[in-house]
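One structure is given here, and the rest of the page talks about it.
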Amino acid sequence: MPIGGAENKTSHSVILQRFVELSGGPEAHIVVLPAASALTDTGDRYCGIFAQFGIASSYCLDIHSRAEANDPACVEILHRATGIFLTGGDQVKLLSLIGGTLTAQIIHQRFAAGAVIAGTSAGASALSQSMIAFGRSGSVPSQRMVQLAPGLGLIDSITVDQHFRQRDRMGRLMTAVAFNAAIIGVGIDEDTAFIITPEGQCEVIGSGGVTIVDGSELEYSDIHLAQRHDPIAMVGMRVHTLTHGYSYDLNNRKIRRPDLSVHLPVVLKAVDAP
């Protein structure tokens, strides 16, 4: 469940409430990993928010070193987690601390066992196999605009960018897809989430949008010819913008629109009224 960052953190949060529901609702055991954050209270703040939803337990696993990330006693709490939440901050810092450690292994084990893994902002980027580590803002794709690095590898078919439209990151996401058109680029706005099921079915929730950059029909790109920071030409790249209620199938790269028929009687009544 990648989240674009700056999600509503009140008791009425559509995104955090859905994360709790998917994690088991009243029976949920949620572990918050604030390793990406530079702030000392990030994990405790999220634990307090999740506690308001009446869950069974919430715990902040505050890892400061790879030694801690490899300590069985330190990460034992993860074995009980039905939901794991990666906070925002710096995705490079997060991977440098937990990449390839026992913590990462247990996250994969819990994911395979059905636990929900959510990440907001930097935590969202870290979920991908091919992670956007950093890059420049701008709407025009160009050479050296994005730096890719290995992520946690929970999702191998997409690469995620966050704070998407708020920070003008279209160019770097398109550049990332141009490097390898087999990867689907997913740009997630703030206060927006992209829920992905094990079967590859995705749902958009929240107040913003999700931009899909699909290179499956890419006819040509000159990314291999562009020098330094030159702009990149791409022909045949498909781009979609999806909002709350839209769904996306990662397997066949098809969009399903929300069912708006529930609004039809209201519209007809308004039209027929004298």
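Ordering of the structure tokens sets the chain letters (A, B, ...), residue numbers begin anew at 1 in every chain, and ligands are numbered from 1 in the order given.
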TODO: Please run DSSP on the backbone and report, as an MDAnalysis selection string, all residues within segment 45-90 of chain A that come out as helix (DSSP H, G or I).
DONE: chainID A and resid 45:51 66:69 72:80
Could you write out that same residue set with C-alpha atoms as a tab-separated table (two decimals), in the first residue's frame?
```tsv
chain	number	residue	atom	x	y	z
A	45	ARG	CA	3.02	9.80	16.45
A	46	TYR	CA	1.84	7.11	14.03
A	47	CYS	CA	1.41	4.58	16.84
A	48	GLY	CA	-0.83	7.09	18.62
A	49	ILE	CA	-2.89	7.61	15.47
A	50	PHE	CA	-3.37	3.88	14.90
A	51	ALA	CA	-4.31	3.36	18.55
A	66	ARG	CA	22.25	-2.36	10.78
A	67	ALA	CA	23.29	-4.20	13.95
A	68	GLU	CA	19.86	-3.50	15.42
A	69	ALA	CA	18.21	-4.49	12.15
A	72	PRO	CA	16.62	-11.19	16.47
A	73	ALA	CA	15.55	-9.82	19.85
A	74	CYS	CA	15.16	-6.32	18.44
A	75	VAL	CA	12.93	-7.33	15.54
A	76	GLU	CA	10.98	-10.14	17.24
A	77	ILE	CA	7.88	-7.92	17.34
A	78	LEU	CA	7.66	-8.09	13.53
A	79	HIS	CA	6.72	-11.79	13.67
A	80	ARG	CA	3.33	-10.84	15.13
```
- [ ] Pick out the residues sitting within 10 Å of Val20 of chain A, and hand them over as an MDAnalysis selection string; count only C-alpha atoms, and ignore anything fewer than 5 positions along from it in its own chain.
- [x] chainID A and resid 15 25:30 50:51 53:55 82:83 116
Task: Selection near segment 173-183 of chain A, 9 Å with only C-alpha atoms, sequence-local residues under 5 positions removed, as a ChimeraX atom specification - done: /A:130,132,140-148,156-161,213-218,221-224,232,234,237
Please produce an output containing C-alpha atoms for each residue in the selection, written as a short mmCIF file (atom, residue, chain, number, x, y, z; two decimals), in the first residue's frame.
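Output file again-v9.cif follows:
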```cif
data_model
loop_
_atom_site.label_atom_id
_atom_site.label_comp_id
_atom_site.auth_asym_id
_atom_site.auth_seq_id
_atom_site.Cartn_x
_atom_site.Cartn_y
_atom_site.Cartn_z
CA SER A 130 13.63 -0.74 -8.61
CA ILE A 132 13.64 5.95 -7.24
CA VAL A 140 10.19 17.16 -19.26
CA PRO A 141 12.10 13.84 -19.07
CA SER A 142 15.85 14.22 -19.47
CA GLN A 143 19.05 12.27 -19.10
CA ARG A 144 20.43 12.02 -15.53
CA MET A 145 17.09 13.19 -14.17
CA VAL A 146 16.58 10.21 -11.90
CA GLN A 147 18.76 7.87 -9.87
CA LEU A 148 17.48 4.33 -9.42
CA ASP A 156 8.65 -6.06 -8.85
CA SER A 157 6.43 -4.75 -11.66
CA ILE A 158 6.31 -1.05 -10.76
CA THR A 159 8.47 1.83 -9.59
CA VAL A 160 6.87 4.37 -7.26
CA ASP A 161 7.30 8.12 -6.98
CA VAL A 213 3.24 5.80 -16.93
CA ASP A 214 3.02 2.72 -19.15
CA GLY A 215 5.82 1.99 -21.58
CA SER A 216 4.44 -1.30 -22.92
CA GLU A 217 3.64 0.36 -26.28
CA LEU A 218 6.78 2.49 -26.40
CA SER A 221 13.25 6.40 -27.08
CA ASP A 222 16.59 8.13 -27.55
CA ILE A 223 17.58 7.87 -23.89
CA HIS A 224 20.69 5.92 -24.94
CA ILE A 232 14.69 12.63 -23.96
CA MET A 234 9.79 9.10 -26.34
CA MET A 237 4.39 6.25 -23.97
#
```
Any chance you could list, as a CSV table (one decimal) with N, CA and C atoms, in the first residue's frame, the residues in segment 58-268 of chain A that come up strand (DSSP E) when DSSP is run on the backbone?
```csv
chain,number,residue,atom,x,y,z
A,58,SER,N,-0.2,-1.5,18.8
A,58,SER,CA,0.7,-0.8,17.9
A,58,SER,C,2.1,-0.7,18.6
A,59,TYR,N,3.2,-0.7,17.8
A,59,TYR,CA,4.5,-0.7,18.3
A,59,TYR,C,5.4,0.0,17.4
A,60,CYS,N,6.3,0.8,17.9
A,60,CYS,CA,7.3,1.6,17.2
A,60,CYS,C,8.6,0.8,17.2
A,83,GLY,N,0.2,-5.7,10.2
A,83,GLY,CA,0.4,-4.6,9.3
A,83,GLY,C,1.7,-3.9,9.7
A,84,ILE,N,2.5,-3.6,8.7
A,84,ILE,CA,3.8,-2.9,8.9
A,84,ILE,C,3.7,-1.6,8.1
A,85,PHE,N,4.1,-0.5,8.8
A,85,PHE,CA,4.0,0.8,8.2
A,85,PHE,C,5.4,1.5,8.2
A,86,LEU,N,5.8,1.8,7.0
A,86,LEU,CA,7.1,2.5,6.8
A,86,LEU,C,6.8,4.0,6.6
A,116,VAL,N,-0.2,-6.7,5.7
A,116,VAL,CA,-0.3,-5.5,4.8
A,116,VAL,C,1.0,-4.7,5.1
A,117,ILE,N,1.7,-4.3,4.0
A,117,ILE,CA,2.9,-3.5,4.1
A,117,ILE,C,2.5,-2.1,3.5
A,118,ALA,N,2.5,-1.1,4.3
A,118,ALA,CA,2.3,0.3,3.7
A,118,ALA,C,3.5,1.1,3.9
A,119,GLY,N,3.6,2.1,3.0
A,119,GLY,CA,4.7,3.0,3.1
A,119,GLY,C,4.2,4.4,2.6
A,120,THR,N,4.6,5.4,3.4
A,120,THR,CA,4.2,6.8,3.0
A,120,THR,C,5.4,7.5,2.6
A,130,SER,N,12.8,-1.8,-8.1
A,130,SER,CA,13.6,-0.7,-8.6
A,130,SER,C,13.2,0.6,-8.0
A,131,MET,N,13.9,1.1,-7.1
A,131,MET,CA,13.5,2.3,-6.3
A,131,MET,C,14.0,3.6,-6.9
A,132,ILE,N,13.2,4.6,-6.9
A,132,ILE,CA,13.6,5.9,-7.2
A,132,ILE,C,14.3,6.5,-6.0
A,133,ALA,N,15.6,6.6,-6.0
A,133,ALA,CA,16.4,7.1,-4.9
A,133,ALA,C,16.3,8.6,-4.7
A,134,PHE,N,16.5,9.3,-5.8
A,134,PHE,CA,16.4,10.7,-5.9
A,134,PHE,C,16.4,11.2,-7.3
A,135,GLY,N,16.2,12.5,-7.5
A,135,GLY,CA,16.2,13.0,-8.9
A,135,GLY,C,15.7,14.5,-8.9
A,146,VAL,N,17.0,11.1,-13.0
A,146,VAL,CA,16.6,10.2,-11.9
A,146,VAL,C,17.7,9.2,-11.6
A,147,GLN,N,17.8,8.9,-10.3
A,147,GLN,CA,18.8,7.9,-9.9
A,147,GLN,C,18.0,6.7,-9.3
A,148,LEU,N,18.2,5.5,-9.9
A,148,LEU,CA,17.5,4.3,-9.4
A,148,LEU,C,18.4,3.5,-8.5
A,149,ALA,N,17.8,2.8,-7.6
A,149,ALA,CA,18.6,1.9,-6.7
A,149,ALA,C,17.7,0.8,-6.3
A,150,PRO,N,18.3,-0.3,-5.8
A,150,PRO,CA,17.5,-1.4,-5.3
A,150,PRO,C,16.6,-1.0,-4.1
A,158,ILE,N,6.5,-2.5,-10.7
A,158,ILE,CA,6.3,-1.0,-10.8
A,158,ILE,C,7.5,-0.3,-10.1
A,159,THR,N,7.6,0.9,-10.4
A,159,THR,CA,8.5,1.8,-9.6
A,159,THR,C,7.6,3.0,-9.1
A,160,VAL,N,7.8,3.4,-7.9
A,160,VAL,CA,6.9,4.4,-7.3
A,160,VAL,C,7.6,5.7,-7.0
A,161,ASP,N,6.9,6.8,-7.4
A,161,ASP,CA,7.3,8.1,-7.0
A,161,ASP,C,6.2,8.7,-6.2
A,162,GLN,N,6.5,9.7,-5.3
A,162,GLN,CA,5.5,10.2,-4.3
A,162,GLN,C,5.6,11.7,-4.3
A,184,ILE,N,6.3,-0.4,-14.8
A,184,ILE,CA,5.2,0.5,-14.8
A,184,ILE,C,5.5,1.7,-13.8
A,185,GLY,N,5.5,2.9,-14.3
A,185,GLY,CA,5.7,4.0,-13.4
A,185,GLY,C,4.4,4.4,-12.7
A,186,VAL,N,4.5,4.5,-11.4
A,186,VAL,CA,3.3,4.9,-10.6
A,186,VAL,C,3.6,6.2,-9.7
A,187,GLY,N,3.1,7.3,-10.1
A,187,GLY,CA,3.3,8.5,-9.4
A,187,GLY,C,2.1,8.8,-8.5
A,188,ILE,N,2.3,8.9,-7.2
A,188,ILE,CA,1.2,9.1,-6.2
A,188,ILE,C,1.2,10.4,-5.6
A,192,THR,N,-3.0,10.4,-1.0
A,192,THR,CA,-3.5,9.4,-1.9
A,192,THR,C,-2.8,8.1,-1.8
A,193,ALA,N,-3.5,7.0,-1.9
A,193,ALA,CA,-2.8,5.7,-1.8
A,193,ALA,C,-3.2,4.8,-3.0
A,194,PHE,N,-2.3,3.8,-3.3
A,194,PHE,CA,-2.5,2.9,-4.4
A,194,PHE,C,-2.5,1.5,-3.8
A,195,ILE,N,-3.6,0.9,-3.5
A,195,ILE,CA,-3.7,-0.4,-2.8
A,195,ILE,C,-3.5,-1.5,-3.9
A,196,ILE,N,-2.6,-2.4,-3.6
A,196,ILE,CA,-2.2,-3.4,-4.5
A,196,ILE,C,-2.5,-4.8,-3.9
A,201,GLN,N,-4.3,-6.5,-8.6
A,201,GLN,CA,-5.4,-5.6,-8.7
A,201,GLN,C,-5.2,-4.4,-7.8
A,202,CYS,N,-5.4,-3.2,-8.4
A,202,CYS,CA,-5.0,-2.0,-7.6
A,202,CYS,C,-6.2,-1.0,-7.5
A,203,GLU,N,-6.3,-0.3,-6.4
A,203,GLU,CA,-7.4,0.6,-6.2
A,203,GLU,C,-6.8,2.0,-5.7
A,204,VAL,N,-7.3,3.1,-6.2
A,204,VAL,CA,-6.9,4.4,-5.8
A,204,VAL,C,-7.9,4.9,-4.8
A,205,ILE,N,-7.3,5.4,-3.6
A,205,ILE,CA,-8.2,6.0,-2.6
A,205,ILE,C,-7.5,7.3,-2.2
A,206,GLY,N,-8.3,8.3,-1.7
A,206,GLY,CA,-7.7,9.5,-1.2
A,206,GLY,C,-8.2,10.7,-2.0
A,209,GLY,N,-4.5,12.1,-6.9
A,209,GLY,CA,-4.6,11.2,-8.1
A,209,GLY,C,-3.3,10.3,-8.1
A,210,VAL,N,-3.4,9.3,-9.0
A,210,VAL,CA,-2.3,8.4,-9.2
A,210,VAL,C,-2.0,8.5,-10.7
A,211,THR,N,-0.8,8.8,-11.1
A,211,THR,CA,-0.4,8.9,-12.5
A,211,THR,C,0.3,7.6,-12.9
A,212,ILE,N,-0.2,6.9,-13.9
A,212,ILE,CA,0.3,5.7,-14.4
A,212,ILE,C,1.1,6.0,-15.7
A,213,VAL,N,2.4,5.7,-15.7
A,213,VAL,CA,3.2,5.8,-16.9
A,213,VAL,C,3.5,4.4,-17.4
A,214,ASP,N,3.0,4.1,-18.6
A,214,ASP,CA,3.0,2.7,-19.1
A,214,ASP,C,3.8,2.7,-20.4
A,220,TYR,N,9.7,4.1,-29.5
A,220,TYR,CA,11.1,4.6,-29.6
A,220,TYR,C,11.5,5.5,-28.5
A,221,SER,N,12.7,5.5,-28.0
A,221,SER,CA,13.3,6.4,-27.1
A,221,SER,C,14.7,6.6,-27.4
A,234,MET,N,10.5,10.4,-26.5
A,234,MET,CA,9.8,9.1,-26.3
A,234,MET,C,8.5,9.1,-27.2
A,235,VAL,N,8.3,8.0,-27.9
A,235,VAL,CA,7.2,7.9,-28.8
A,235,VAL,C,6.4,6.7,-28.4
A,238,ARG,N,2.3,5.7,-22.8
A,238,ARG,CA,0.9,5.9,-22.4
A,238,ARG,C,0.9,6.5,-21.0
A,239,VAL,N,0.1,7.5,-20.8
A,239,VAL,CA,-0.1,8.1,-19.4
A,239,VAL,C,-1.5,8.2,-19.0
A,240,HIS,N,-1.8,7.7,-17.8
A,240,HIS,CA,-3.2,7.8,-17.3
A,240,HIS,C,-3.1,8.5,-15.9
A,241,THR,N,-4.2,9.2,-15.6
A,241,THR,CA,-4.4,9.8,-14.3
A,241,THR,C,-5.6,9.3,-13.7
A,242,LEU,N,-5.5,8.6,-12.6
A,242,LEU,CA,-6.7,7.9,-11.9
A,242,LEU,C,-6.9,8.6,-10.6
A,243,THR,N,-8.2,8.7,-10.2
A,243,THR,CA,-8.6,9.3,-8.9
A,243,THR,C,-9.4,8.3,-8.1
A,247,SER,N,-9.7,1.8,-10.6
A,247,SER,CA,-8.9,0.6,-10.4
A,247,SER,C,-8.0,0.3,-11.6
A,248,TYR,N,-6.9,-0.4,-11.3
A,248,TYR,CA,-5.9,-0.7,-12.3
A,248,TYR,C,-5.4,-2.1,-12.2
A,249,ASP,N,-5.4,-2.9,-13.3
A,249,ASP,CA,-4.9,-4.2,-13.3
A,249,ASP,C,-3.4,-4.3,-13.8
A,254,LYS,N,-4.8,-2.6,-17.6
A,254,LYS,CA,-6.1,-2.1,-18.0
A,254,LYS,C,-6.7,-1.3,-16.8
A,255,ILE,N,-7.5,-0.3,-17.1
A,255,ILE,CA,-8.2,0.5,-16.2
A,255,ILE,C,-9.6,0.1,-16.0
A,256,ARG,N,-10.1,0.1,-14.8
A,256,ARG,CA,-11.6,-0.1,-14.5
A,256,ARG,C,-12.1,1.2,-13.9
```
Task: Selected residue of minimal separation from Tyr246 of chain A among A:Gly153, A:Gly208, A:Ala6, A:Val32, counting only C-alpha atoms - done: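 Checking each of A:Gly153, A:Gly208, A:Ala6, A:Val32 against Tyr246 of chain A, counting only C-alpha atoms, the winner is A:Gly208.
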TODO: Please measure the separation of atom CA of Glu21 of chain A and atom CA of Met1 of chain A, giving the value in Å to one decimal.
DONE: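 Going from atom CA of Glu21 of chain A over to atom CA of Met1 of chain A covers 12.5 Å.
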Open item on the list: I'd like the interatomic distance between atom CA of Asp62 of chain A and atom CA of Lys93 of chain A, to a tenth of an Å.
Closed with: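 Computed distance, atom CA of Asp62 of chain A to atom CA of Lys93 of chain A, equals 13.3 Å.
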Open item on the list: Which residues are close to Pro34 of chain A, i.e. within 10 Å by only C-alpha atoms, leaving aside same-chain residues fewer than 5 positions away? Reply as number ranges by chain.
Closed with: A: 39-44, 46, 60-64, 85-89, 94, 123
TODO: Work out how far apart atom CA of Leu95 of chain A and atom CA of Ala124 of chain A are and give it in Å to one decimal.
DONE: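 One can read the atom CA of Leu95 of chain A to atom CA of Ala124 of chain A distance as 12.1 Å.
Of the residues listed (A:Arg257, A:Ala81, A:Gly24, A:Phe19), A:Ala81 shows the shortest atom-to-atom separation from Gln109 of chain A; distances use only C-alpha atoms.
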TODO: Quick one: everything within 7 Å of Asp90 of chain A, counting only C-alpha atoms, minus sequence neighbours fewer than 4 positions away in the same chain. Send it as a count of residues only.
DONE: 4
